[in-house]
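Okay, coords28.txt is below, compact mmCIF, C-alpha atoms:
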```txt
# COMPACT_ATOMS: atom_id res chain seq x y z
CA ARG A 1 3.81 33.24 -24.73
CA LEU A 2 6.86 31.02 -24.42
CA GLU A 3 7.64 32.57 -21.03
CA GLU A 4 4.06 31.91 -19.89
CA ARG A 5 4.36 28.28 -20.93
CA ARG A 6 7.61 27.93 -19.04
CA ASN A 7 6.02 29.38 -15.91
CA GLN A 8 3.17 26.92 -16.20
CA GLU A 9 5.57 23.99 -16.54
CA ARG A 10 7.61 25.32 -13.61
CA ALA A 11 4.46 25.44 -11.46
CA VAL A 12 3.63 21.84 -12.37
CA GLN A 13 7.16 20.74 -11.47
CA ASP A 14 6.91 22.56 -8.13
CA ASP A 15 3.67 20.71 -7.38
CA LYS A 16 5.31 17.38 -8.18
CA LYS A 17 8.25 18.26 -5.95
CA LEU A 18 5.90 19.10 -3.07
CA GLU A 19 4.03 15.84 -3.60
CA THR A 20 7.29 13.88 -3.47
CA GLN A 21 8.40 15.66 -0.30
CA LEU A 22 5.07 14.92 1.37
CA ALA A 23 5.34 11.26 0.38
CA HIS A 24 8.81 11.09 1.95
CA ILE A 25 7.31 12.26 5.24
CA ILE A 26 3.86 10.68 5.27
CA ILE A 27 4.79 7.13 4.27
CA PRO A 28 7.26 6.59 7.18
CA LEU A 29 4.75 8.23 9.54
CA ARG A 30 2.05 5.80 8.42
CA MET A 31 4.45 2.93 8.99
CA LEU A 32 5.16 4.33 12.46
CA CYS A 33 1.43 4.42 13.17
CA SER A 34 1.16 0.78 12.11
CA LEU A 35 4.07 -0.12 14.39
CA ILE A 36 2.50 1.66 17.38
CA PHE A 37 -0.80 -0.06 16.66
CA ALA A 38 0.83 -3.49 16.58
CA ILE A 39 2.66 -2.84 19.86
CA GLU A 40 -0.49 -1.56 21.60
CA LEU A 41 -2.50 -4.48 20.24
CA SER A 42 0.08 -6.92 21.60
CA ARG A 43 -0.02 -5.27 25.03
CA GLN A 44 -3.81 -5.28 24.97
CA LEU A 45 -3.97 -8.99 24.19
CA ASP A 46 -1.37 -9.84 26.84
CA SER A 47 -3.20 -7.86 29.52
CA THR A 48 -6.30 -10.04 29.68
CA PRO A 49 -6.38 -12.47 32.63
CA ASP A 50 -9.67 -14.15 31.68
CA ASN A 51 -9.29 -15.59 28.19
CA TYR A 52 -9.98 -12.36 26.25
CA LYS A 53 -13.21 -11.49 28.08
CA THR A 54 -11.85 -8.19 29.46
CA PHE A 55 -8.94 -6.00 28.39
CA PRO A 56 -7.67 -3.90 31.32
CA HIS A 57 -4.63 -2.45 29.51
CA THR A 58 -6.38 0.38 27.68
CA SER A 59 -9.45 1.32 25.65
CA TRP A 60 -9.95 -0.19 22.22
CA TYR A 61 -10.46 3.34 20.94
CA LEU A 62 -6.89 4.19 21.99
CA VAL A 63 -5.64 1.01 20.30
CA MET A 64 -7.35 2.15 17.09
CA THR A 65 -6.05 5.73 17.32
CA PRO A 66 -2.80 5.10 15.38
CA LEU A 67 -4.83 3.63 12.53
CA TRP A 68 -7.12 6.66 12.48
CA ILE A 69 -4.06 8.92 12.39
CA SER A 70 -2.68 6.86 9.50
CA ASN A 71 -5.95 7.25 7.58
CA GLY A 72 -5.91 10.97 8.34
CA LEU A 73 -2.38 11.35 6.98
CA LYS A 74 -3.34 9.58 3.79
CA MET A 75 -6.45 11.74 3.38
CA PHE A 76 -4.36 14.86 3.96
CA PHE A 77 -1.91 13.75 1.25
CA HIS A 78 -4.67 13.26 -1.31
CA THR A 79 -6.38 16.50 -0.25
CA VAL A 80 -3.15 18.32 -1.09
CA LYS A 81 -3.05 16.56 -4.46
CA LEU A 82 -6.63 17.58 -5.23
CA TYR A 83 -5.85 21.17 -4.27
CA GLN A 84 -2.84 21.09 -6.61
CA TYR A 85 -5.02 19.79 -9.45
CA ARG A 86 -7.53 22.58 -8.82
CA ARG A 87 -4.83 25.26 -8.69
CA THR A 88 -3.20 23.94 -11.84
CA TYR A 89 -6.49 24.16 -13.71
CA TYR A 90 -7.61 27.61 -12.54
CA ASN A 91 -4.25 29.41 -12.29
CA ASN A 92 -2.25 27.88 -15.13
CA GLN A 93 -5.05 26.89 -17.50
CA ILE A 94 -3.46 23.48 -17.98
CA ASP A 95 -5.48 20.32 -18.45
CA VAL A 96 -5.39 18.40 -15.18
CA ASP A 97 -4.72 14.71 -14.84
CA SER A 98 -8.31 13.46 -14.68
CA HIS A 99 -7.12 9.97 -13.82
CA GLY A 100 -5.13 11.32 -10.88
CA VAL A 101 -8.14 13.30 -9.66
CA GLY A 102 -10.33 10.20 -9.74
CA ILE A 103 -7.75 8.07 -7.92
CA SER A 104 -7.35 10.70 -5.17
CA ILE A 105 -11.13 10.87 -4.69
CA LEU A 106 -11.23 7.07 -4.58
CA HIS A 107 -8.62 7.01 -1.81
CA GLN A 108 -10.56 9.65 0.13
CA VAL A 109 -13.75 7.58 -0.04
CA ASN A 110 -11.97 4.38 1.00
CA ASP A 111 -10.21 6.00 3.95
CA LEU A 112 -13.39 7.64 5.19
CA GLY A 113 -15.15 4.28 5.14
CA SER A 114 -12.16 2.70 6.89
CA ILE A 115 -12.22 5.31 9.68
CA VAL A 116 -15.91 4.77 10.43
CA THR A 117 -15.55 0.99 10.23
CA LYS A 118 -12.72 1.04 12.77
CA TYR A 119 -14.95 3.04 15.12
CA PHE A 120 -17.66 0.36 14.96
CA ILE A 121 -15.05 -2.38 15.43
CA ALA A 122 -13.67 -0.61 18.52
CA ALA A 123 -17.19 -0.25 19.91
CA LEU A 124 -17.89 -3.91 19.20
CA LEU A 125 -14.71 -5.03 20.91
CA ALA A 126 -15.49 -2.81 23.89
CA GLY A 127 -18.95 -4.32 24.20
CA GLU A 128 -20.73 -1.00 23.63
CA ILE A 129 -22.69 -2.24 20.62
CA HIS A 130 -24.09 -5.67 19.84
CA CYS A 131 -24.28 -6.62 16.19
CA THR A 132 -22.75 -8.98 13.68
CA LEU A 133 -19.39 -8.18 12.18
CA THR A 134 -21.04 -7.83 8.77
CA VAL A 135 -23.14 -4.96 10.13
CA ALA A 136 -20.06 -3.38 11.75
CA PHE A 137 -18.43 -3.40 8.31
CA MET A 138 -21.38 -1.53 6.77
CA PRO A 139 -19.33 1.69 6.21
CA THR A 140 -16.81 -0.40 4.29
CA TRP A 141 -19.51 -1.84 2.03
CA PHE A 142 -20.85 1.67 1.36
CA SER A 143 -17.38 3.05 0.62
CA ILE A 144 -16.66 0.20 -1.78
CA GLY A 145 -19.95 0.86 -3.58
CA ILE A 146 -19.26 4.59 -3.90
CA GLY A 147 -15.65 3.81 -4.84
CA ALA A 148 -16.85 1.49 -7.61
CA VAL A 149 -18.84 4.37 -9.14
CA VAL A 150 -15.81 6.67 -8.88
CA LYS A 151 -13.58 3.98 -10.36
CA PHE A 152 -15.89 3.44 -13.33
CA PHE A 153 -16.10 7.14 -14.22
CA THR A 154 -12.38 7.77 -13.70
CA PRO A 155 -10.66 8.17 -17.08
CA LEU A 156 -7.90 5.75 -17.96
CA ASP A 157 -4.31 6.70 -17.29
CA GLU A 158 -2.87 8.70 -20.18
CA ASN A 159 -0.01 6.19 -20.50
CA VAL A 160 -2.43 3.26 -20.73
CA GLU A 161 -5.26 4.73 -22.78
CA PRO A 162 -3.44 4.76 -26.17
CA HIS A 163 -2.87 1.01 -25.88
CA VAL A 164 -6.49 0.14 -24.99
CA ARG A 165 -8.77 -0.68 -27.87
CA HIS A 166 -12.09 -0.98 -25.99
CA LYS A 167 -11.93 1.68 -23.30
CA LEU A 168 -15.40 1.01 -21.86
CA VAL A 169 -14.62 -2.68 -21.44
CA LYS A 170 -11.36 -1.79 -19.72
CA ARG A 171 -13.14 0.50 -17.25
CA ILE A 172 -15.76 -2.15 -16.50
CA TYR A 173 -13.00 -4.72 -15.95
CA ASP A 174 -11.07 -2.37 -13.63
CA THR A 175 -14.24 -1.65 -11.64
CA ILE A 176 -15.05 -5.34 -11.21
CA MET A 177 -11.49 -6.08 -10.12
CA TYR A 178 -11.61 -3.20 -7.63
CA ILE A 179 -14.84 -4.51 -6.08
CA GLY A 180 -13.59 -8.10 -5.94
CA ILE A 181 -10.21 -7.32 -4.39
CA SER A 182 -11.66 -4.79 -1.92
CA MET A 183 -14.42 -7.09 -0.67
CA MET A 184 -12.75 -10.50 -0.72
CA LEU A 185 -10.90 -10.52 2.60
CA PRO A 186 -13.53 -8.54 4.61
CA ILE A 187 -16.26 -10.91 3.41
CA ILE A 188 -14.18 -13.96 4.37
CA ILE A 189 -13.55 -12.58 7.86
CA CYS A 190 -17.16 -11.45 8.40
CA THR A 191 -18.69 -14.75 7.30
CA LYS A 192 -16.25 -16.66 9.52
CA VAL A 193 -17.08 -14.55 12.56
CA ASP A 194 -20.82 -14.68 11.94
CA GLY A 195 -20.72 -18.48 11.72
CA GLN A 196 -21.58 -18.78 8.05
CA ASN A 197 -18.10 -19.88 7.01
CA LYS A 198 -17.05 -23.27 8.39
CA ASN A 199 -13.61 -23.45 6.79
CA SER A 200 -10.48 -23.34 8.92
CA TRP A 201 -8.57 -20.09 9.30
CA THR A 202 -5.72 -21.63 7.34
CA MET A 203 -8.08 -21.97 4.38
CA ASN A 204 -9.66 -18.54 4.92
CA PHE A 205 -6.27 -16.86 4.73
CA PHE A 206 -5.73 -18.06 1.16
CA PRO A 207 -5.65 -14.50 -0.31
CA LEU A 208 -2.84 -13.61 2.10
CA TRP A 209 -1.00 -16.89 1.43
CA PHE A 210 -1.13 -15.95 -2.25
CA LEU A 211 0.24 -12.52 -1.39
CA CYS A 212 3.17 -14.14 0.46
CA LEU A 213 3.81 -16.34 -2.57
CA VAL A 214 3.83 -13.33 -4.90
CA LEU A 215 6.22 -11.42 -2.63
CA GLY A 216 8.53 -14.45 -2.48
CA ILE A 217 8.53 -14.90 -6.27
CA VAL A 218 9.22 -11.21 -6.84
CA ALA A 219 11.98 -11.00 -4.20
CA PHE A 220 13.83 -14.27 -4.74
CA ILE A 221 13.22 -15.08 -8.42
CA MET A 222 12.14 -12.14 -10.57
CA LEU A 223 14.35 -9.40 -9.11
CA PRO A 224 17.55 -11.53 -8.95
CA VAL A 225 17.00 -12.67 -12.55
CA TYR A 226 16.34 -9.08 -13.60
CA ALA A 227 19.48 -7.86 -11.81
CA CYS A 228 21.66 -10.56 -13.39
CA ASN A 229 20.24 -9.84 -16.83
CA MET A 230 20.86 -6.12 -16.39
CA MET A 231 24.39 -6.66 -15.13
CA PHE A 232 25.56 -9.31 -17.56
CA GLY A 233 23.01 -9.33 -20.41
CA GLN A 234 24.14 -8.57 -23.93
CA THR A 235 21.59 -5.82 -24.59
CA ALA A 236 22.20 -4.08 -21.27
CA ARG A 237 25.97 -4.07 -21.80
CA GLU A 238 25.52 -2.53 -25.24
CA TYR A 239 23.25 0.35 -24.23
CA HIS A 240 24.26 1.10 -20.62
CA GLN A 241 27.59 1.83 -19.03
CA ARG A 242 28.92 -0.25 -16.15
CA HIS A 243 28.29 2.38 -13.46
CA GLU A 244 24.66 2.68 -14.57
CA ARG A 245 24.18 -1.07 -14.28
CA LEU A 246 25.85 -1.12 -10.86
CA ARG A 247 23.52 1.62 -9.62
CA LEU A 248 20.51 -0.34 -10.75
CA CYS A 249 21.76 -3.58 -9.20
CA ARG A 250 22.31 -1.87 -5.85
CA MET A 251 18.79 -0.54 -6.01
CA VAL A 252 17.42 -4.00 -6.84
CA LEU A 253 19.30 -5.54 -3.90
CA VAL A 254 17.66 -3.06 -1.56
CA PHE A 255 14.22 -3.99 -2.87
CA ILE A 256 15.04 -7.70 -2.63
CA TYR A 257 15.72 -7.11 1.06
CA GLY A 258 12.55 -5.05 1.58
CA ILE A 259 10.17 -7.33 -0.31
CA GLY A 260 11.83 -10.54 0.91
CA THR A 261 11.79 -9.67 4.61
CA THR A 262 8.21 -8.42 4.35
CA GLY A 263 7.10 -11.66 2.72
CA ILE A 264 8.89 -13.85 5.28
CA LEU A 265 7.61 -11.94 8.32
CA LEU A 266 4.09 -11.79 6.91
CA PHE A 267 4.17 -15.56 6.35
CA LEU A 268 5.33 -16.22 9.93
CA PHE A 269 2.62 -13.92 11.29
CA LEU A 270 -0.14 -15.62 9.28
CA LEU A 271 1.13 -19.13 10.01
CA ASN A 272 1.18 -18.71 13.79
CA LEU A 273 -2.06 -16.70 13.80
CA ALA A 274 -3.91 -19.34 11.75
CA ARG A 275 -2.65 -22.09 14.08
CA ARG A 276 -3.79 -20.10 17.13
CA LEU A 277 -7.23 -19.39 15.70
CA ASP A 278 -7.62 -23.03 14.63
CA GLY A 279 -7.26 -24.14 18.23
CA GLU A 280 -3.56 -24.71 18.96
CA VAL A 281 -3.61 -23.19 22.44
CA HIS A 282 0.15 -23.55 22.95
CA ILE A 283 0.67 -20.74 20.42
CA LYS A 284 1.24 -17.54 22.42
CA ASN A 285 0.32 -14.01 21.44
CA SER A 286 3.99 -13.18 21.01
CA ASP A 287 4.39 -15.96 18.45
CA PHE A 288 2.36 -14.03 15.88
CA MET A 289 2.58 -10.47 17.19
CA VAL A 290 6.40 -10.29 17.22
CA PRO A 291 6.70 -10.97 13.44
CA LEU A 292 4.01 -8.34 12.81
CA ILE A 293 5.81 -5.75 14.96
CA VAL A 294 9.18 -6.52 13.36
CA MET A 295 7.61 -6.27 9.89
CA PHE A 296 6.20 -2.80 10.55
CA ALA A 297 9.46 -1.64 12.18
CA ASN A 298 11.43 -2.96 9.20
CA LEU A 299 9.12 -1.23 6.72
CA MET A 300 9.30 2.03 8.67
CA CYS A 301 13.10 2.01 8.32
CA PHE A 302 13.08 0.66 4.78
CA SER A 303 10.62 3.13 3.22
CA PRO A 304 12.79 6.29 3.53
CA VAL A 305 15.85 4.33 2.38
CA ALA A 306 13.99 3.08 -0.69
CA ARG A 307 12.68 6.55 -1.48
CA TYR A 308 16.15 8.04 -1.11
CA ILE A 309 17.65 5.45 -3.45
CA LEU A 310 14.95 6.05 -6.06
CA HIS A 311 15.46 9.80 -5.83
CA ARG A 312 19.24 9.47 -6.08
CA LEU A 313 18.96 7.11 -9.04
CA SER A 314 16.67 9.55 -10.82
CA ARG A 315 19.00 12.50 -10.13
CA GLU A 316 22.05 10.62 -11.37
CA ALA A 317 20.16 9.65 -14.50
CA GLU A 318 19.32 13.32 -15.14
CA ILE A 319 23.00 14.21 -14.76
CA ASP A 320 23.90 11.47 -17.23
CA ILE A 321 21.45 12.95 -19.74
CA GLN A 322 22.96 16.40 -19.31
CA ASN A 323 26.41 14.94 -19.96
CA LEU A 324 25.41 13.19 -23.17
CA SER A 325 27.46 14.22 -26.15
CA PRO A 326 25.71 16.71 -28.46
CA ASP A 327 25.58 14.26 -31.34
CA ILE A 328 23.15 12.02 -29.40
CA THR A 329 19.81 13.54 -30.28
CA ASP A 330 17.59 10.47 -30.57
CA PRO A 331 14.91 10.83 -27.84
CA ASN A 332 14.52 7.05 -27.67
CA VAL A 333 18.16 6.72 -26.62
CA ALA A 334 17.80 9.38 -23.96
CA GLY A 335 14.57 7.87 -22.70
CA SER A 336 16.13 4.42 -22.39
CA ARG A 337 18.86 5.81 -20.13
CA ILE A 338 16.49 7.23 -17.50
CA SER A 339 13.64 4.74 -17.59
CA TYR A 340 14.78 2.76 -14.56
CA GLY A 341 14.22 5.59 -12.11
CA ASP A 342 10.64 5.94 -13.36
CA ASN A 343 9.68 2.26 -13.34
CA THR A 344 10.80 1.32 -9.85
CA GLU A 345 7.97 3.10 -7.99
CA GLY A 346 5.83 0.01 -8.57
CA LEU A 347 8.25 -2.06 -6.53
CA PHE A 348 7.79 0.20 -3.52
CA SER A 349 4.01 -0.01 -3.87
CA ALA A 350 4.26 -3.80 -4.01
CA ILE A 351 5.82 -3.73 -0.56
CA SER A 352 3.75 -1.13 1.25
CA THR A 353 0.21 -1.43 -0.13
CA PRO A 354 -0.67 -5.03 0.89
CA VAL A 355 0.55 -4.42 4.42
CA PHE A 356 -2.09 -1.74 5.05
CA LEU A 357 -4.80 -4.26 4.12
CA LEU A 358 -3.46 -6.63 6.77
CA ARG A 359 -3.03 -3.82 9.29
CA SER A 360 -6.70 -2.82 9.16
CA SER A 361 -7.92 -6.35 9.87
CA SER A 362 -5.35 -7.59 12.39
CA THR A 363 -7.30 -6.24 15.40
CA LEU A 364 -10.13 -8.59 14.51
CA PHE A 365 -8.11 -11.77 14.50
CA GLN A 366 -8.26 -12.26 18.25
CA ARG A 367 -11.87 -11.07 18.41
CA ILE A 368 -13.14 -13.70 16.02
CA ASN A 369 -11.84 -16.93 17.53
CA ASP A 370 -14.81 -18.89 18.81
CA LYS A 371 -12.48 -21.26 20.66
CA ASP A 372 -11.37 -18.31 22.79
CA GLU A 373 -15.02 -17.36 23.50
CA LEU A 374 -14.69 -14.06 21.73
CA LEU A 375 -17.81 -14.34 19.67
CA LYS A 376 -20.88 -12.47 20.76
CA GLY A 377 -23.10 -14.74 22.80
CA ALA A 378 -20.40 -17.34 23.43
```

For the structure just supplied, provide its representation as structure tokens.
Amino acid sequence: RLEERRNQERAVQDDKKLETQLAHIIIPLRMLCSLIFAIELSRQLDSTPDNYKTFPHTSWYLVMTPLWISNGLKMFFHTVKLYQYRRTYYNNQIDVDSHGVGISILHQVNDLGSIVTKYFIAALLAGEIHCTLTVAFMPTWFSIGIGAVVKFFTPLDENVEPHVRHKLVKRIYDTIMYIGISMMLPIIICTKVDGQNKNSWTMNFFPLWFLCLVLGIVAFIMLPVYACNMMFGQTAREYHQRHERLRLCRMVLVFIYGIGTTGILLFLFLLNLARRLDGEVHIKNSDFMVPLIVMFANLMCFSPVARYILHRLSREAEIDIQNLSPDITDPNVAGSRISYGDNTEGLFSAISTPVFLLRSSSTLFQRINDKDELLKGA
């Protein structure tokens, strides 16, 4: 029976290893798709000789193709995860991570809605359909509604659940937050395009300004303070050796670069784009497209480096645990020595996730400027 249990644990570890290897490949590929999209979008906008009335460079469907490929890669990744959950349950008779299953299904629903929405946007930009932008976003509204149901019935994460007193209230809160965050920016854009929102684009971009502020605070305040505290703090010096603290500080410096450059480039993109959409005609396409292209190129190069550093930090921590003296048997001590490799995944998500939200809406920003006669019926 002990051998059977070991085989089951080995199978689970193999699944996690495959998932990590896929992430190392798929995340840079999705960044590459975003970069190709930004370049093609820039060429498409520069090709028009008649104030954005025609786009002779290429079809809008071809411009959208990298984004569809990116959605497909993400759906493939979560399909593999769902297959692993199913195999774990039927072959190894181990309880699956119900929270992970729900999150993977949620991603599948969101990406499917995103793919269909991009098709309607491409058709709208090409002049093949005539409708409001709110109608073109109908697949997104449906996917958010279905996703809200999935989110509500998804069990809480096993690491969070023991600390939650009212689990139903927590699930309701998470569902409401999911709906609000998912719908906020699309609703702002749709109401602006459809003429119901009279605020300037500078005001309408307030969720993204807030995102830039958060990235700046994390990169230039929180992480430097954390690194200094880890390097020179009394508690850190008592419980961690110098080479461990140096490894962590090097990792933090890499993330400061990644988050900081992303925040700066995103801010420059939004600033010049908002000025262009608010009527400053001297702003050229390159003024806002170049920061976007550089941001995606930077993230494409940064993501494998960050993953490699996290993997190396985790491996070195495992070696340190193996080299602990036999008299150290307290699991809390051992856990404290390897916790950094486990907690840094959130930093990578903080960099990559918001950018995909911007990526999916950036094609619209030139379409929705009434001063450039892009609105239907202008």

Set the distance at 9 Å and use all atoms listed in the file: which residues neighbour Thr79 (chain A) once local chain neighbours fewer than 3 positions away are removed? I'd like the list as a VMD selection string. chain A and resid 74 to 76 82 to 84 104 to 105 108

What's around region 222-236 of chain A at 9 Å? Count all atoms listed in the file, leave out sequence neighbours fewer than 2 positions away in its own chain, and write the answer as a list in words. Ile217, Val218, Ala219, Phe220, Glu238, Tyr239, His240, Gln241, Arg242, Arg245, Leu246, Leu248, Cys249, Arg250, Val252, Leu253, Phe255 and Ile256 of chain A

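CA of Leu35 (chain A) sits 15.3 Å away from CA of Pro304 (chain A).
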
Could you jot down the CA of Ile103 (chain A) to CA of Asn91 (chain A) separation for me, Å, one decimal place? 22.1 Å

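Minimum distance to Glu280 (chain A) across A:Trp201, A:Asp15, A:Phe302, A:Leu211 (counting all atoms listed in the file) occurs at A:Trp201.
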
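Here CA of Leu29 (chain A) stands at a distance of 21.6 Å from CA of Thr117 (chain A).
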
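In this comparison, which uses only C-alpha atoms, the residue of A:Ser59, A:Met177, A:Met300, A:Asp97 approaching Leu124 (chain A) most closely is A:Ser59.
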
Given the point (-17.6, -22.0, 10.1) in the coordinates of this file, which residues lie within 12 Å, counting only C-alpha atoms, and how would they look as a list of chain:residue names? A:Ile188, A:Ile189, A:Cys190, A:Thr191, A:Lys192, A:Val193, A:Asp194, A:Gly195, A:Gln196, A:Asn197, A:Lys198, A:Asn199, A:Ser200, A:Trp201, A:Met203, A:Asn204, A:Asp278, A:Ile368, A:Asn369, A:Asp370, A:Lys371

How would the residues just chosen look if you wrote them out with C-alpha atoms as a CSV table (one decimal), in the frame of the given file?
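Output (selection-v8.csv):
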```csv
chain,number,residue,atom,x,y,z
A,188,ILE,CA,-14.2,-14.0,4.4
A,189,ILE,CA,-13.6,-12.6,7.9
A,190,CYS,CA,-17.2,-11.4,8.4
A,191,THR,CA,-18.7,-14.8,7.3
A,192,LYS,CA,-16.2,-16.7,9.5
A,193,VAL,CA,-17.1,-14.6,12.6
A,194,ASP,CA,-20.8,-14.7,11.9
A,195,GLY,CA,-20.7,-18.5,11.7
A,196,GLN,CA,-21.6,-18.8,8.0
A,197,ASN,CA,-18.1,-19.9,7.0
A,198,LYS,CA,-17.0,-23.3,8.4
A,199,ASN,CA,-13.6,-23.4,6.8
A,200,SER,CA,-10.5,-23.3,8.9
A,201,TRP,CA,-8.6,-20.1,9.3
A,203,MET,CA,-8.1,-22.0,4.4
A,204,ASN,CA,-9.7,-18.5,4.9
A,278,ASP,CA,-7.6,-23.0,14.6
A,368,ILE,CA,-13.1,-13.7,16.0
A,369,ASN,CA,-11.8,-16.9,17.5
A,370,ASP,CA,-14.8,-18.9,18.8
A,371,LYS,CA,-12.5,-21.3,20.7
```

Excluding Phe142 (chain A) and any residue of its chain fewer than 6 positions from it, enumerate the residues within 10 Å of it, using only C-alpha atoms, and give them as a PDB file with C-alpha atoms, keeping the file's coordinate frame.
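Result file selection.pdb:
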```pdb
ATOM      1  CA  VAL A 109     -13.750   7.580  -0.040  1.00  0.00           C
ATOM      2  CA  ASN A 110     -11.970   4.380   1.000  1.00  0.00           C
ATOM      3  CA  GLY A 113     -15.150   4.280   5.140  1.00  0.00           C
ATOM      4  CA  ALA A 148     -16.850   1.490  -7.610  1.00  0.00           C
TER       5      ALA A 148
END
```

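The protein and nucleic acid residues lying at most 10 Å from Ala136 (chain A) are Val116, Thr117, Lys118, Tyr119, Phe120, Ile121, Ala122, Ala123, Leu124, Ile129, His130 and Cys190 of chain A, with only C-alpha atoms considered and sequence neighbours fewer than 6 positions away removed.
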
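Each of A:Leu45, A:Ile309, A:Leu156, A:Ile144 was checked against Ile176 (chain A) using only C-alpha atoms; the smallest atom-to-atom distance is that of A:Ile144.
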
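Comparing the minimum interatomic distances between Pro28 (chain A) and each of A:His243, A:Arg276, A:Arg307, A:Arg171, counting only C-alpha atoms, we find that A:Arg307 sits nearest.
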
I'd like the contact shell of Ile69 (chain A) - 12 Å cut-off, all atoms listed in the file, skipping same-chain residues fewer than 4 positions apart - returned as a count of residues only. 22

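The nearest approach to Gly260 (chain A) among the residues A:Leu168, A:Ile283, A:Met289, A:Val214, with only C-alpha atoms taken into account, belongs to A:Val214.
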
My structure is short of atoms at region 225-237 of chain A; please model N, CA and C atoms there, returning them as a PDB file, keeping the file's coordinate frame.
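Writing done, so here's part-v3.pdb:
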```
ATOM      1  N   VAL A 225      16.826 -12.413 -11.115  1.00  0.00           N
ATOM      2  CA  VAL A 225      17.000 -12.670 -12.550  1.00  0.00           C
ATOM      3  C   VAL A 225      17.123 -11.360 -13.310  1.00  0.00           C
ATOM      4  N   TYR A 226      16.293 -10.381 -12.948  1.00  0.00           N
ATOM      5  CA  TYR A 226      16.340  -9.080 -13.600  1.00  0.00           C
ATOM      6  C   TYR A 226      17.690  -8.403 -13.367  1.00  0.00           C
ATOM      7  N   ALA A 227      18.199  -8.484 -12.129  1.00  0.00           N
ATOM      8  CA  ALA A 227      19.480  -7.860 -11.810  1.00  0.00           C
ATOM      9  C   ALA A 227      20.622  -8.518 -12.593  1.00  0.00           C
ATOM     10  N   CYS A 228      20.609  -9.842 -12.649  1.00  0.00           N
ATOM     11  CA  CYS A 228      21.660 -10.560 -13.390  1.00  0.00           C
ATOM     12  C   CYS A 228      21.594 -10.234 -14.878  1.00  0.00           C
ATOM     13  N   ASN A 229      20.383 -10.160 -15.406  1.00  0.00           N
ATOM     14  CA  ASN A 229      20.240  -9.840 -16.830  1.00  0.00           C
ATOM     15  C   ASN A 229      20.721  -8.420 -17.114  1.00  0.00           C
ATOM     16  N   MET A 230      20.421  -7.498 -16.186  1.00  0.00           N
ATOM     17  CA  MET A 230      20.860  -6.120 -16.390  1.00  0.00           C
ATOM     18  C   MET A 230      22.373  -5.992 -16.248  1.00  0.00           C
ATOM     19  N   MET A 231      22.958  -6.777 -15.373  1.00  0.00           N
ATOM     20  CA  MET A 231      24.390  -6.660 -15.130  1.00  0.00           C
ATOM     21  C   MET A 231      25.219  -7.348 -16.211  1.00  0.00           C
ATOM     22  N   PHE A 232      24.740  -8.502 -16.654  1.00  0.00           N
ATOM     23  CA  PHE A 232      25.560  -9.310 -17.560  1.00  0.00           C
ATOM     24  C   PHE A 232      24.918  -9.538 -18.923  1.00  0.00           C
ATOM     25  N   GLY A 233      23.689  -9.085 -19.134  1.00  0.00           N
ATOM     26  CA  GLY A 233      23.010  -9.330 -20.410  1.00  0.00           C
ATOM     27  C   GLY A 233      23.659  -8.580 -21.561  1.00  0.00           C
ATOM     28  N   GLN A 234      23.518  -9.145 -22.746  1.00  0.00           N
ATOM     29  CA  GLN A 234      24.140  -8.570 -23.930  1.00  0.00           C
ATOM     30  C   GLN A 234      23.558  -7.199 -24.260  1.00  0.00           C
ATOM     31  N   THR A 235      22.229  -7.086 -24.232  1.00  0.00           N
ATOM     32  CA  THR A 235      21.590  -5.820 -24.590  1.00  0.00           C
ATOM     33  C   THR A 235      21.936  -4.732 -23.584  1.00  0.00           C
ATOM     34  N   ALA A 236      21.893  -5.069 -22.298  1.00  0.00           N
ATOM     35  CA  ALA A 236      22.200  -4.080 -21.270  1.00  0.00           C
ATOM     36  C   ALA A 236      23.636  -3.581 -21.389  1.00  0.00           C
ATOM     37  N   ARG A 237      24.557  -4.455 -21.699  1.00  0.00           N
ATOM     38  CA  ARG A 237      25.970  -4.070 -21.800  1.00  0.00           C
ATOM     39  C   ARG A 237      26.209  -3.202 -23.032  1.00  0.00           C
TER      40      ARG A 237
END
```
